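Shown here: structure_12.cif, mmCIF, C-alpha atoms.
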```
data_upload
loop_
_atom_site.label_atom_id
_atom_site.label_comp_id
_atom_site.auth_asym_id
_atom_site.auth_seq_id
_atom_site.Cartn_x
_atom_site.Cartn_y
_atom_site.Cartn_z
CA MET A 1 -0.17 -86.89 -33.74
CA ILE A 2 2.91 -85.09 -32.52
CA TRP A 3 1.83 -84.00 -29.08
CA ASP A 4 0.91 -86.88 -26.77
CA TRP A 5 -1.42 -85.62 -24.01
CA ASP A 6 -1.39 -88.88 -22.03
CA TYR A 7 2.39 -88.84 -21.92
CA ALA A 8 2.40 -85.14 -21.05
CA PHE A 9 0.09 -85.74 -18.08
CA ALA A 10 2.21 -88.72 -17.02
CA VAL A 11 5.47 -86.76 -16.85
CA ALA A 12 4.04 -83.48 -15.52
CA PRO A 13 3.89 -84.63 -11.83
CA LYS A 14 7.53 -85.77 -11.94
CA LEU A 15 8.57 -82.46 -13.41
CA LEU A 16 6.60 -80.57 -10.78
CA ASP A 17 8.44 -82.56 -8.10
CA ALA A 18 11.72 -81.60 -9.74
CA LEU A 19 10.56 -77.96 -9.80
CA ILE A 20 10.84 -78.06 -6.02
CA VAL A 21 14.52 -79.07 -6.27
CA THR A 22 15.03 -76.31 -8.84
CA VAL A 23 13.47 -73.69 -6.57
CA GLN A 24 15.45 -74.93 -3.58
CA ALA A 25 18.70 -74.69 -5.53
CA ALA A 26 17.82 -71.20 -6.74
CA LEU A 27 16.92 -69.96 -3.25
CA ALA A 28 20.00 -71.50 -1.60
CA GLY A 29 22.25 -70.11 -4.33
CA PHE A 30 20.60 -66.71 -3.97
CA ALA A 31 21.18 -66.74 -0.20
CA ILE A 32 24.90 -67.36 -0.76
CA ALA A 33 25.02 -64.69 -3.47
CA LEU A 34 23.37 -62.15 -1.15
CA VAL A 35 25.87 -62.65 1.70
CA LEU A 36 28.98 -63.20 -0.38
CA GLY A 37 28.11 -60.34 -2.73
CA LEU A 38 27.95 -57.89 0.15
CA LEU A 39 31.31 -59.14 1.44
CA ILE A 40 32.85 -58.73 -2.03
CA ALA A 41 31.40 -55.23 -2.41
CA LEU A 42 32.79 -54.21 0.99
CA ALA A 43 36.18 -55.82 0.32
CA ARG A 44 36.48 -53.96 -2.98
CA ARG A 45 35.93 -50.68 -1.16
CA SER A 46 38.56 -51.47 1.46
CA ARG A 47 41.57 -49.13 1.84
CA PHE A 48 43.84 -52.15 2.12
CA LEU A 49 45.09 -52.92 -1.35
CA TRP A 50 46.11 -56.45 -0.36
CA LEU A 51 42.40 -57.10 0.19
CA SER A 52 40.66 -55.01 -2.46
CA LEU A 53 42.86 -55.85 -5.46
CA PRO A 54 42.76 -59.68 -5.28
CA VAL A 55 39.02 -59.65 -4.55
CA ALA A 56 38.37 -57.30 -7.48
CA GLY A 57 40.47 -59.48 -9.80
CA ALA A 58 38.83 -62.72 -8.70
CA ALA A 59 35.34 -61.24 -9.01
CA GLU A 60 36.12 -59.96 -12.50
CA PHE A 61 37.42 -63.40 -13.48
CA ILE A 62 34.41 -65.27 -12.13
CA ARG A 63 32.03 -62.81 -13.77
CA SER A 64 33.52 -63.18 -17.25
CA THR A 65 33.84 -66.96 -17.39
CA PRO A 66 31.00 -69.46 -17.96
CA LEU A 67 29.10 -70.81 -14.99
CA LEU A 68 29.02 -74.25 -16.63
CA VAL A 69 32.82 -74.52 -16.64
CA GLN A 70 32.96 -73.23 -13.07
CA LEU A 71 30.51 -75.97 -12.07
CA TYR A 72 32.69 -78.59 -13.77
CA PHE A 73 35.69 -77.14 -11.97
CA LEU A 74 33.99 -77.39 -8.58
CA PHE A 75 32.55 -80.79 -9.37
CA PHE A 76 35.69 -82.48 -10.73
CA VAL A 77 38.53 -80.57 -9.09
CA MET A 78 37.38 -80.03 -5.52
CA PRO A 79 37.23 -83.76 -4.63
CA GLY A 80 40.93 -83.89 -5.58
CA PHE A 81 41.64 -81.41 -2.79
CA GLY A 82 39.65 -83.51 -0.36
CA PHE A 83 36.33 -81.63 -0.55
CA GLN A 84 33.67 -84.27 -1.12
CA MET A 85 30.36 -82.53 -1.78
CA SER A 86 27.03 -83.72 -3.09
CA PRO A 87 26.19 -82.54 -6.62
CA PHE A 88 23.39 -80.40 -5.21
CA LEU A 89 25.73 -78.65 -2.76
CA THR A 90 28.34 -78.16 -5.49
CA GLY A 91 25.71 -76.65 -7.74
CA VAL A 92 24.39 -74.32 -5.06
CA ILE A 93 27.90 -73.12 -4.21
CA GLY A 94 28.66 -72.61 -7.91
CA LEU A 95 25.48 -70.59 -8.46
CA GLY A 96 26.06 -68.57 -5.30
CA LEU A 97 29.69 -67.80 -6.10
CA HIS A 98 28.94 -66.83 -9.70
CA TYR A 99 26.03 -64.57 -8.87
CA ALA A 100 27.80 -63.06 -5.85
CA THR A 101 29.97 -61.20 -8.36
CA TYR A 102 26.79 -59.75 -9.86
CA THR A 103 25.11 -58.85 -6.59
CA ALA A 104 28.40 -57.24 -5.51
CA GLU A 105 27.96 -54.71 -8.33
CA VAL A 106 24.39 -54.06 -7.19
CA TYR A 107 25.51 -53.49 -3.60
CA ARG A 108 28.26 -51.23 -4.87
CA ALA A 109 25.73 -49.03 -6.64
CA GLY A 110 23.70 -48.88 -3.43
CA LEU A 111 26.73 -48.03 -1.29
CA ASP A 112 27.91 -45.39 -3.76
CA ALA A 113 24.50 -43.72 -3.57
CA VAL A 114 24.91 -42.99 0.17
CA PRO A 115 26.30 -39.43 0.49
CA ARG A 116 29.85 -39.11 1.83
CA GLY A 117 28.58 -36.77 4.53
CA GLN A 118 26.95 -39.76 6.24
CA TRP A 119 30.37 -41.37 6.75
CA GLU A 120 31.88 -38.09 7.88
CA ALA A 121 29.06 -37.42 10.34
CA SER A 122 29.54 -40.90 11.82
CA VAL A 123 33.27 -40.28 12.24
CA ALA A 124 32.42 -36.98 13.92
CA LEU A 125 30.10 -38.87 16.29
CA ASP A 126 32.91 -41.33 17.05
CA PHE A 127 31.15 -44.38 15.63
CA SER A 128 33.37 -47.35 14.83
CA PRO A 129 33.52 -48.23 11.10
CA PHE A 130 31.56 -51.44 11.73
CA HIS A 131 28.91 -49.62 13.73
CA THR A 132 28.66 -46.94 11.02
CA LEU A 133 28.14 -49.58 8.37
CA ARG A 134 25.53 -51.48 10.32
CA ALA A 135 23.52 -48.61 11.78
CA ILE A 136 23.96 -45.79 9.25
CA ILE A 137 25.15 -46.89 5.82
CA LEU A 138 23.50 -50.25 5.10
CA PRO A 139 19.98 -49.20 6.19
CA GLN A 140 20.21 -46.46 3.55
CA ALA A 141 22.08 -48.43 0.89
CA LEU A 142 20.04 -51.64 0.85
CA PRO A 143 16.32 -50.81 0.39
CA PRO A 144 16.75 -49.06 -3.01
CA VAL A 145 18.60 -52.05 -4.49
CA ILE A 146 16.24 -54.80 -3.27
CA PRO A 147 14.26 -54.99 -6.56
CA VAL A 148 17.49 -55.25 -8.57
CA LEU A 149 18.62 -58.08 -6.30
CA GLY A 150 15.25 -59.72 -6.89
CA ASN A 151 15.94 -59.72 -10.63
CA TYR A 152 19.06 -61.75 -9.94
CA LEU A 153 16.96 -64.32 -8.10
CA ILE A 154 15.09 -64.83 -11.38
CA ALA A 155 18.39 -64.98 -13.25
CA ILE A 156 19.68 -67.66 -10.87
CA PHE A 157 16.43 -69.56 -11.23
CA LYS A 158 16.87 -69.59 -14.99
CA ASP A 159 20.45 -70.83 -14.67
CA THR A 160 19.57 -73.82 -12.49
CA PRO A 161 19.16 -76.12 -15.56
CA LEU A 162 22.97 -76.00 -15.77
CA LEU A 163 23.04 -78.13 -12.62
CA SER A 164 21.74 -80.98 -14.78
CA ALA A 165 25.24 -81.12 -16.29
CA ILE A 166 26.64 -82.13 -12.89
CA THR A 167 23.92 -84.74 -12.37
CA VAL A 168 21.62 -82.80 -10.01
CA LEU A 169 18.09 -84.12 -10.42
CA GLU A 170 16.41 -80.78 -11.16
CA MET A 171 13.72 -80.20 -13.77
CA MET A 172 15.99 -80.30 -16.81
CA GLN A 173 17.70 -83.51 -15.76
CA VAL A 174 14.39 -85.20 -15.01
CA ALA A 175 13.05 -84.08 -18.39
CA LYS A 176 16.11 -85.48 -20.13
CA ILE A 177 15.86 -88.80 -18.30
CA GLU A 178 12.15 -89.07 -19.05
CA GLY A 179 12.79 -88.16 -22.67
CA SER A 180 15.60 -90.67 -23.08
CA GLU A 181 13.42 -93.50 -21.77
CA THR A 182 10.69 -92.99 -24.34
CA PHE A 183 12.54 -91.01 -27.04
CA GLN A 184 9.80 -88.43 -26.66
CA TYR A 185 11.54 -85.21 -25.72
CA LEU A 186 8.91 -82.78 -26.95
CA GLU A 187 6.45 -83.08 -24.07
CA PRO A 188 8.85 -82.96 -21.07
CA LEU A 189 10.97 -80.18 -22.58
CA THR A 190 7.95 -78.10 -23.48
CA ILE A 191 6.49 -78.50 -19.99
CA VAL A 192 9.84 -77.48 -18.45
CA GLY A 193 9.93 -74.41 -20.69
CA LEU A 194 6.38 -73.45 -19.71
CA LEU A 195 7.06 -73.96 -16.01
CA PHE A 196 10.10 -71.69 -16.26
CA LEU A 197 8.08 -69.09 -18.12
CA ILE A 198 5.24 -69.17 -15.59
CA VAL A 199 7.45 -68.99 -12.50
CA SER A 200 9.69 -66.23 -13.83
CA LEU A 201 6.81 -64.12 -15.15
CA ILE A 202 5.03 -64.35 -11.78
CA SER A 203 8.26 -63.48 -9.92
CA ALA A 204 8.88 -60.55 -12.25
CA LEU A 205 5.35 -59.32 -11.51
CA LEU A 206 5.93 -59.61 -7.75
CA ILE A 207 9.26 -57.80 -7.98
CA GLY A 208 7.64 -55.01 -10.00
CA ARG A 209 5.06 -54.66 -7.26
CA LEU A 210 7.78 -54.65 -4.59
CA GLU A 211 9.59 -51.94 -6.52
CA ARG A 212 6.49 -49.74 -6.59
CA HIS A 213 5.88 -50.45 -2.92
CA LEU A 214 9.44 -49.44 -1.96
CA GLY A 215 9.09 -46.38 -4.20
CA THR A 216 6.05 -45.21 -2.23
CA LEU A 217 7.83 -45.98 1.04
CA ARG A 218 10.67 -43.69 0.14
CA ARG A 219 8.45 -40.86 -1.00
CA THR A 220 6.42 -40.68 2.22
CA MET B 1 51.17 -77.50 -12.49
CA LEU B 2 50.82 -75.94 -15.93
CA LEU B 3 49.09 -77.86 -18.68
CA PRO B 4 51.57 -79.51 -21.09
CA ILE B 5 51.79 -77.66 -24.37
CA GLU B 6 50.48 -80.48 -26.57
CA PHE B 7 46.99 -80.19 -25.08
CA TYR B 8 46.58 -76.59 -26.08
CA GLY B 9 45.98 -77.52 -29.73
CA ASN B 10 42.64 -79.13 -28.89
CA LEU B 11 41.63 -76.36 -26.54
CA LEU B 12 42.44 -73.68 -29.12
CA GLN B 13 40.45 -75.57 -31.73
CA GLY B 14 37.50 -75.52 -29.33
CA ALA B 15 38.13 -71.86 -28.58
CA TRP B 16 37.89 -71.07 -32.30
CA THR B 17 34.46 -72.76 -32.45
CA THR B 18 33.42 -70.77 -29.37
CA ILE B 19 34.56 -67.51 -31.02
CA GLN B 20 32.70 -68.34 -34.24
CA ILE B 21 29.46 -69.06 -32.40
CA THR B 22 29.86 -65.93 -30.29
CA ALA B 23 30.42 -63.77 -33.39
CA MET B 24 27.53 -65.19 -35.41
CA ALA B 25 25.06 -65.31 -32.53
CA GLY B 26 26.16 -61.79 -31.57
CA LEU B 27 25.33 -60.53 -35.04
CA LEU B 28 21.92 -62.21 -34.97
CA ALA B 29 21.31 -60.88 -31.45
CA PHE B 30 22.11 -57.34 -32.61
CA VAL B 31 19.62 -57.55 -35.48
CA CYS B 32 16.92 -59.03 -33.21
CA ALA B 33 17.60 -56.41 -30.54
CA LEU B 34 17.28 -53.56 -33.02
CA LEU B 35 14.09 -54.94 -34.61
CA ALA B 36 12.40 -55.83 -31.32
CA GLY B 37 13.61 -52.68 -29.56
CA LEU B 38 12.22 -50.44 -32.31
CA GLY B 39 9.19 -52.72 -32.67
CA ARG B 40 8.20 -52.10 -29.06
CA MET B 41 7.89 -48.40 -29.84
CA SER B 42 6.03 -48.90 -33.11
CA SER B 43 2.69 -47.19 -33.66
CA TRP B 44 1.22 -50.45 -34.98
CA ARG B 45 -0.27 -52.49 -32.20
CA ALA B 46 0.49 -55.85 -33.91
CA VAL B 47 4.19 -55.04 -34.21
CA ARG B 48 4.34 -53.88 -30.58
CA TRP B 49 2.57 -57.02 -29.46
CA ILE B 50 4.91 -59.36 -31.37
CA SER B 51 7.99 -57.57 -30.02
CA VAL B 52 6.79 -57.70 -26.41
CA THR B 53 5.91 -61.39 -26.72
CA TYR B 54 9.31 -62.19 -28.20
CA VAL B 55 11.19 -60.29 -25.48
CA GLU B 56 9.15 -61.63 -22.55
CA PHE B 57 9.21 -65.20 -23.84
CA PHE B 58 12.96 -65.40 -24.39
CA ARG B 59 13.80 -63.49 -21.22
CA GLY B 60 11.39 -65.60 -19.20
CA THR B 61 12.77 -69.02 -20.05
CA SER B 62 16.17 -70.53 -19.55
CA ALA B 63 18.74 -70.42 -22.37
CA LEU B 64 19.54 -74.10 -21.90
CA VAL B 65 15.87 -75.08 -22.12
CA GLN B 66 15.56 -73.05 -25.33
CA LEU B 67 18.59 -74.78 -26.85
CA PHE B 68 17.34 -78.23 -25.89
CA TRP B 69 13.92 -77.47 -27.20
CA LEU B 70 15.28 -76.34 -30.57
CA PHE B 71 17.60 -79.34 -30.60
CA TYR B 72 15.18 -82.10 -29.61
CA ALA B 73 11.71 -80.79 -30.37
CA LEU B 74 12.08 -79.03 -33.72
CA PRO B 75 12.98 -82.23 -35.61
CA LEU B 76 9.57 -83.61 -34.58
CA PHE B 77 7.98 -80.84 -36.62
CA GLY B 78 10.08 -81.93 -39.58
CA LEU B 79 12.68 -79.20 -39.16
CA THR B 80 16.12 -80.68 -38.51
CA LEU B 81 18.85 -78.11 -38.00
CA SER B 82 22.54 -78.80 -37.52
CA PRO B 83 23.69 -78.29 -33.89
CA MET B 84 25.72 -75.26 -35.01
CA VAL B 85 22.65 -73.57 -36.51
CA VAL B 86 20.61 -74.40 -33.38
CA ALA B 87 23.34 -72.83 -31.24
CA VAL B 88 23.53 -69.62 -33.27
CA ILE B 89 19.75 -69.21 -33.56
CA GLY B 90 19.04 -70.17 -29.94
CA LEU B 91 21.69 -67.96 -28.36
CA GLY B 92 21.12 -65.12 -30.84
CA LEU B 93 17.39 -64.97 -30.07
CA HIS B 94 18.05 -65.28 -26.33
CA ILE B 95 20.59 -62.47 -26.10
CA GLY B 96 18.63 -60.42 -28.65
CA ALA B 97 15.66 -60.33 -26.26
CA TYR B 98 17.86 -58.74 -23.59
CA GLY B 99 19.37 -56.43 -26.21
CA ALA B 100 15.91 -55.19 -27.22
CA GLU B 101 15.51 -53.62 -23.78
CA VAL B 102 18.92 -51.95 -24.16
CA VAL B 103 17.92 -50.49 -27.54
CA ARG B 104 14.60 -49.27 -26.20
CA SER B 105 16.01 -47.58 -23.11
CA ALA B 106 18.85 -45.96 -25.11
CA ILE B 107 16.40 -44.50 -27.62
CA GLN B 108 14.04 -43.33 -24.92
CA ALA B 109 16.96 -41.60 -23.18
CA ILE B 110 17.47 -39.26 -26.16
CA PRO B 111 15.96 -35.87 -25.24
CA LYS B 112 12.54 -35.16 -26.72
CA GLY B 113 13.87 -31.95 -28.22
CA GLN B 114 15.88 -33.96 -30.73
CA HIS B 115 12.66 -35.55 -32.03
CA GLU B 116 10.92 -32.22 -32.15
CA ALA B 117 13.83 -30.48 -33.90
CA ALA B 118 13.93 -33.24 -36.53
CA LEU B 119 10.20 -32.84 -36.99
CA ALA B 120 10.58 -29.07 -37.32
CA LEU B 121 13.18 -29.65 -40.05
CA ASN B 122 10.54 -31.65 -41.93
CA MET B 123 12.34 -34.97 -41.58
CA SER B 124 10.26 -38.13 -41.95
CA PRO B 125 10.17 -40.32 -38.81
CA GLY B 126 12.38 -42.89 -40.55
CA LEU B 127 14.98 -40.33 -41.55
CA ALA B 128 14.96 -38.73 -38.09
CA MET B 129 15.50 -42.15 -36.51
CA ARG B 130 18.35 -42.99 -38.87
CA ARG B 131 20.17 -39.67 -38.93
CA ILE B 132 19.41 -38.09 -35.56
CA ILE B 133 18.22 -40.56 -32.93
CA LEU B 134 20.09 -43.80 -33.62
CA PRO B 135 23.59 -42.27 -33.99
CA GLN B 136 23.23 -40.71 -30.56
CA ALA B 137 21.58 -43.75 -28.99
CA THR B 138 24.25 -46.10 -30.36
CA ILE B 139 26.92 -44.63 -28.09
CA ALA B 140 24.70 -45.13 -25.05
CA MET B 141 24.04 -48.73 -26.16
CA LEU B 142 27.68 -49.75 -26.36
CA PRO B 143 28.48 -50.40 -22.67
CA PRO B 144 25.37 -52.55 -22.06
CA PHE B 145 25.98 -54.35 -25.35
CA ASN B 146 29.50 -55.07 -24.15
CA ASN B 147 28.04 -56.75 -21.06
CA LEU B 148 25.61 -58.71 -23.22
CA MET B 149 28.44 -59.95 -25.45
CA ILE B 150 30.21 -61.26 -22.35
CA GLU B 151 26.93 -62.94 -21.33
CA LEU B 152 26.75 -64.44 -24.81
CA LEU B 153 30.33 -65.70 -24.62
CA LYS B 154 29.52 -67.39 -21.32
CA ALA B 155 26.28 -68.80 -22.69
CA THR B 156 28.15 -70.44 -25.57
CA ALA B 157 29.49 -72.95 -23.03
CA LEU B 158 25.95 -74.41 -23.06
CA VAL B 159 26.35 -75.56 -26.66
CA SER B 160 28.73 -78.25 -25.41
CA LEU B 161 25.58 -79.94 -24.06
CA ILE B 162 24.08 -80.17 -27.57
CA THR B 163 27.12 -82.02 -28.94
CA ILE B 164 29.11 -79.08 -30.34
CA THR B 165 32.86 -79.41 -29.76
CA ASP B 166 33.43 -75.94 -28.38
CA LEU B 167 36.01 -74.95 -25.78
CA THR B 168 34.06 -76.46 -22.88
CA PHE B 169 33.46 -79.71 -24.76
CA GLN B 170 37.16 -80.02 -25.66
CA GLY B 171 37.99 -79.43 -22.02
CA GLN B 172 35.70 -82.28 -21.02
CA LEU B 173 37.14 -84.61 -23.65
CA LEU B 174 40.66 -83.87 -22.45
CA ASN B 175 39.52 -84.32 -18.89
CA THR B 176 38.20 -87.83 -19.49
CA ALA B 177 41.30 -88.70 -21.54
CA THR B 178 44.00 -87.38 -19.21
CA LEU B 179 42.36 -86.78 -15.80
CA ARG B 180 44.45 -83.63 -15.36
CA THR B 181 41.25 -82.00 -14.19
CA ALA B 182 42.50 -78.90 -12.39
CA GLN B 183 44.94 -77.86 -15.12
CA ILE B 184 42.49 -78.46 -17.96
CA PHE B 185 39.50 -76.65 -16.49
CA GLY B 186 41.84 -73.96 -15.19
CA ALA B 187 43.19 -73.44 -18.72
CA VAL B 188 39.64 -73.44 -20.15
CA LEU B 189 38.56 -70.75 -17.69
CA ILE B 190 41.61 -68.63 -18.51
CA ILE B 191 40.98 -68.88 -22.26
CA TYR B 192 37.38 -67.75 -21.72
CA PHE B 193 38.65 -64.87 -19.62
CA LEU B 194 41.10 -63.81 -22.35
CA ILE B 195 38.33 -63.84 -24.97
CA ALA B 196 36.19 -61.74 -22.62
CA ILE B 197 39.03 -59.22 -22.24
CA ALA B 198 39.40 -59.06 -26.03
CA ILE B 199 35.66 -58.37 -26.43
CA THR B 200 35.73 -55.62 -23.82
CA SER B 201 38.73 -53.89 -25.36
CA ALA B 202 37.12 -54.07 -28.82
CA PHE B 203 34.02 -52.33 -27.42
CA ARG B 204 36.18 -49.68 -25.70
CA MET B 205 37.85 -48.96 -29.01
CA LEU B 206 34.51 -48.76 -30.82
CA GLU B 207 33.23 -46.40 -28.15
CA ARG B 208 36.22 -44.09 -28.59
CA ARG B 209 35.78 -44.13 -32.37
CA LEU B 210 32.09 -43.35 -32.27
CA SER B 211 32.37 -40.57 -29.70
CA VAL B 212 34.88 -38.63 -31.82
CA GLY B 213 33.44 -35.24 -32.73
CA ARG B 214 30.27 -35.79 -30.71
CA GLY B 215 31.19 -33.10 -28.20
CA ARG B 216 31.06 -35.68 -25.45
CA ARG B 217 34.64 -36.39 -24.54
CA MET B 218 35.48 -39.65 -22.87
CA ALA B 219 36.85 -39.29 -19.37
CA ARG B 220 40.61 -39.31 -19.52
#
```
Could you express the structure from this file as structure tokens?
Amino acid sequence: MIWDWDYAFAVAPKLLDALIVTVQAALAGFAIALVLGLLIALARRSRFLWLSLPVAGAAEFIRSTPLLVQLYFLFFVMPGFGFQMSPFLTGVIGLGLHYATYTAEVYRAGLDAVPRGQWEASVALDFSPFHTLRAIILPQALPPVIPVLGNYLIAIFKDTPLLSAITVLEMMQVAKIEGSETFQYLEPLTIVGLLFLIVSLISALLIGRLERHLGTLRRT
Amino acid sequence: MLLPIEFYGNLLQGAWTTIQITAMAGLLAFVCALLAGLGRMSSWRAVRWISVTYVEFFRGTSALVQLFWLFYALPLFGLTLSPMVVAVIGLGLHIGAYGAEVVRSAIQAIPKGQHEAALALNMSPGLAMRRIILPQATIAMLPPFNNLMIELLKATALVSLITITDLTFQGQLLNTATLRTAQIFGAVLIIYFLIAIAITSAFRMLERRLSVGRGRRMAR
């Protein structure tokens, strides 16, 4: 018998507990990516080259290098500069930073879709740039890109197993520990795979529904 | 602050492994993407169903979980693959699932008139696909495939966790041996970035080549 049901039922509760850590990491990373991504998108549009060029370069660099190595960098290098962080916090910051460069592109598409006339009209009405952004531009730029941002939440969720490499006790790490104790990797790894599949398929379904909902909002 | 020159030998050795895996998995991903992308539009229900299942399954689970599963669970079914083969198959299938969506959307973006004209000229569906549709769709596929290749390059860092001595793994070995953490992981990140730049410029060149004589000039 290859598949051991008793063992599978024994490890499943532990993996479900670890799923909570996984979801927490994904949500916290997503929150950072949402805020930081908007800041990056705005900085890249800035007229000040001393701001836009370095931010664009750094974002490009972070986007084309592996998250795993970035996590190692944060995990091993930052303590040397006096930043002592828990593995979980390091992982969340790594996820957030990495995916901020992706959400920045999404925000950029949203900002680009707002007609120039909106900016010009705000200048004509003597709005300050900040006020224009907050009251005129962002309310138009953000709703259309919400579903795309949602897809990145799923992407972050699927990248959380990388945190196991920096010793965060998320699902993958728990599965590996359980597997190494009994030398039975099949059951925990399969359950982890299924849990990922279930959660991301359900989220994809919800995001699809959100997309349709926002579509009807805009049409009316 | 720079890394002493004698360490670069190991890193470059690892980089070569990374490049090999990227190239082979990229090739496999391209084949999978083409098959599954065309399969989703097939008139046979069984083929459509298999393609959709493949795409949803591999997009719905985490790349690391897939690699671990192939690495730890397959041997239990009597199928022991070398880590290198696991890496190429795992990453190729993973990226191929994303590529299938690229292929599908590129083909569906070709105007219906092209299909109808091919039909009017008495071309068989296969011939029309090969001579008329695919050559036009290929150009539209190149930019998203470029992004996917960068994703693949970044995903190859995961193979260090299944015992392959790629660039990331070499970086870790050097790190434990020398404790020059910042310089080593900094150098690793820069090498990844350089490979990413090389991939992007190769795709740009390909794009220029393929658009020659297609009436669609590239923006100068």
Check which residues of chain B sit at most 9 Å from chain A using only C-alpha atoms, and return one row each with the closest pair of atoms and their distance in Å to one decimal, ordered by chain and rising number, as JSON lines.
```
{"residue": "B:Glu56", "atom": "CA", "partner": "A:Leu201", "partner_atom": "CA", "distance": 8.2}
{"residue": "B:Phe57", "atom": "CA", "partner": "A:Leu197", "partner_atom": "CA", "distance": 7.0}
{"residue": "B:Phe58", "atom": "CA", "partner": "A:Leu197", "partner_atom": "CA", "distance": 8.8}
{"residue": "B:Arg59", "atom": "CA", "partner": "A:Leu197", "partner_atom": "CA", "distance": 8.6}
{"residue": "B:Gly60", "atom": "CA", "partner": "A:Leu197", "partner_atom": "CA", "distance": 4.9}
{"residue": "B:Thr61", "atom": "CA", "partner": "A:Leu197", "partner_atom": "CA", "distance": 5.1}
{"residue": "B:Ser62", "atom": "CA", "partner": "A:Lys158", "partner_atom": "CA", "distance": 4.7}
{"residue": "B:Ala63", "atom": "CA", "partner": "A:Lys158", "partner_atom": "CA", "distance": 7.7}
{"residue": "B:Leu64", "atom": "CA", "partner": "A:Pro161", "partner_atom": "CA", "distance": 6.7}
{"residue": "B:Val65", "atom": "CA", "partner": "A:Gly193", "partner_atom": "CA", "distance": 6.1}
{"residue": "B:Gln66", "atom": "CA", "partner": "A:Gly193", "partner_atom": "CA", "distance": 7.4}
{"residue": "B:Phe68", "atom": "CA", "partner": "A:Leu189", "partner_atom": "CA", "distance": 7.4}
{"residue": "B:Trp69", "atom": "CA", "partner": "A:Leu189", "partner_atom": "CA", "distance": 6.1}
{"residue": "B:Tyr72", "atom": "CA", "partner": "A:Tyr185", "partner_atom": "CA", "distance": 6.2}
{"residue": "B:Ala73", "atom": "CA", "partner": "A:Leu186", "partner_atom": "CA", "distance": 4.8}
{"residue": "B:Leu74", "atom": "CA", "partner": "A:Leu186", "partner_atom": "CA", "distance": 8.4}
{"residue": "B:Leu76", "atom": "CA", "partner": "A:Ile2", "partner_atom": "CA", "distance": 7.1}
{"residue": "B:Phe77", "atom": "CA", "partner": "A:Ile2", "partner_atom": "CA", "distance": 7.8}
{"residue": "B:Ile150", "atom": "CA", "partner": "A:Ser64", "partner_atom": "CA", "distance": 6.4}
{"residue": "B:Glu151", "atom": "CA", "partner": "A:Ser64", "partner_atom": "CA", "distance": 7.8}
{"residue": "B:Leu153", "atom": "CA", "partner": "A:Pro66", "partner_atom": "CA", "distance": 7.7}
{"residue": "B:Lys154", "atom": "CA", "partner": "A:Pro66", "partner_atom": "CA", "distance": 4.2}
{"residue": "B:Ala155", "atom": "CA", "partner": "A:Pro66", "partner_atom": "CA", "distance": 6.7}
{"residue": "B:Thr156", "atom": "CA", "partner": "A:Pro66", "partner_atom": "CA", "distance": 8.2}
{"residue": "B:Ala157", "atom": "CA", "partner": "A:Pro66", "partner_atom": "CA", "distance": 6.3}
{"residue": "B:Leu158", "atom": "CA", "partner": "A:Leu68", "partner_atom": "CA", "distance": 7.1}
{"residue": "B:Leu161", "atom": "CA", "partner": "A:Ala165", "partner_atom": "CA", "distance": 7.9}
{"residue": "B:Thr168", "atom": "CA", "partner": "A:Val69", "partner_atom": "CA", "distance": 6.7}
{"residue": "B:Gly171", "atom": "CA", "partner": "A:Val69", "partner_atom": "CA", "distance": 8.9}
{"residue": "B:Gln172", "atom": "CA", "partner": "A:Tyr72", "partner_atom": "CA", "distance": 8.7}
{"residue": "B:Thr181", "atom": "CA", "partner": "A:Val77", "partner_atom": "CA", "distance": 6.0}
{"residue": "B:Ala182", "atom": "CA", "partner": "A:Val77", "partner_atom": "CA", "distance": 5.4}
{"residue": "B:Phe185", "atom": "CA", "partner": "A:Phe73", "partner_atom": "CA", "distance": 5.9}
{"residue": "B:Gly186", "atom": "CA", "partner": "A:Phe73", "partner_atom": "CA", "distance": 7.6}
{"residue": "B:Val188", "atom": "CA", "partner": "A:Val69", "partner_atom": "CA", "distance": 7.7}
{"residue": "B:Leu189", "atom": "CA", "partner": "A:Thr65", "partner_atom": "CA", "distance": 6.1}
{"residue": "B:Ile190", "atom": "CA", "partner": "A:Thr65", "partner_atom": "CA", "distance": 8.0}
{"residue": "B:Ile191", "atom": "CA", "partner": "A:Thr65", "partner_atom": "CA", "distance": 8.9}
{"residue": "B:Tyr192", "atom": "CA", "partner": "A:Thr65", "partner_atom": "CA", "distance": 5.6}
{"residue": "B:Phe193", "atom": "CA", "partner": "A:Thr65", "partner_atom": "CA", "distance": 5.7}
{"residue": "B:Ala196", "atom": "CA", "partner": "A:Ser64", "partner_atom": "CA", "distance": 6.2}
{"residue": "B:Ile197", "atom": "CA", "partner": "A:Ser64", "partner_atom": "CA", "distance": 8.4}
```
**Q.** Nearby residues (all atoms listed in the file) at most 9 Å from Leu81 of chain B, same-chain spacing under 4 positions excluded, as a ChimeraX atom specification
**A.** /B:70-71,74-75,85-86
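The point (20.6, -44.8, -30.9) has these residues within 10 Å of it, counting all atoms listed in the file: Leu34, Val102, Val103, Arg104, Ser105, Ala106, Ile107, Gln108, Ala109, Ile110, Met129, Arg130, Arg131, Ile132, Ile133, Leu134, Pro135, Gln136, Ala137, Thr138, Ile139, Ala140, Met141 and Leu142 of chain B.
When atom CA of Leu95 of chain A is paired with atom CA of Arg212 of chain A, their separation reads 28.3 Å.
We find atom CA of Leu206 of chain A and atom CA of Val145 of chain A to be spaced 15.1 Å apart.
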Q | Nearest to Leu205 of chain A, chosen from A:Ile177, A:Ala18, A:Pro147, A:Pro87, with all atoms listed in the file counted in the distances | A | A:Pro147
